[in-house]
Amino acid sequence: MKVWLDRTPFGCKPSDDNSAAVLKRIPIGTTFEADVITRKSRSGAWHRRYWVLCSMLASNLDHVEIEPGLVLPITDSESAHVALKYATGCYDSYAIKGGVVRLLKSTAFDRMDADEWAKHWVRVLDAVHEKFLPGVGAEFQEELARMAS
């Protein structure tokens, strides 16, 4: 059983509802063993920058061609985020009868640590320059290119 804790000046507190439920079952004063695995958290500023980029893409694009024959509509920042996942290869592919299915991976804070995000960010920048910028008008290309650098 895994429990996620946040260190505070007064001790530790559960990081999520599941961890809180587990800790409630342990009586106060009980000594118990726990595996402590730390993760480097991603930067909140980096996270916000990514979503500003997605919003800018959504404001300036109606669609993006991820690969020949695969055109995705861009209606909002969430659809830009999905398109970026496809464009960066952030998915698992499975061959099924009649074709291939791609299941998108998560980029959530609890699923992707700082090192994984740094690698993903490089792929995002490449995808923006290669796939997204060609579909944007000249007046927005410079601003988006600056944002994606």
# chains A, B, ... in the order shown; residues from 1 in each chain; ligands from 1
$ residues_around --residues "Leu70 (chain A)" --least-positions-apart "6" --cutoff "12 Å" --atoms "only C-alpha atoms" --output "VMD selection string"
chain A and resid 63 to 64 83 86 to 87 131
$ atom_distance --atom1 "CA of Thr75 (chain A)" --atom2 "CA of Arg42 (chain A)"
26.9 Å
$ closest_residue --among "A:His81, A:His129, A:Arg7, A:Arg146" --to "Trp51 (chain A)" --atoms "only C-alpha atoms"
A:His81
$ closest_residue --among "A:Leu133, A:Val3, A:Ile28, A:Leu53" --to "Glu65 (chain A)" --atoms "only C-alpha atoms"
A:Leu133
$ select_by_dssp --residues "chain A" --states "strand (DSSP E)" --output "ChimeraX atom specification"
/A:5-8,11-14,63-67,70-73,91-96,99-104
$ atom_distance --atom1 "CA of Asp76 (chain A)" --atom2 "CA of Ala58 (chain A)"
4.9 Å
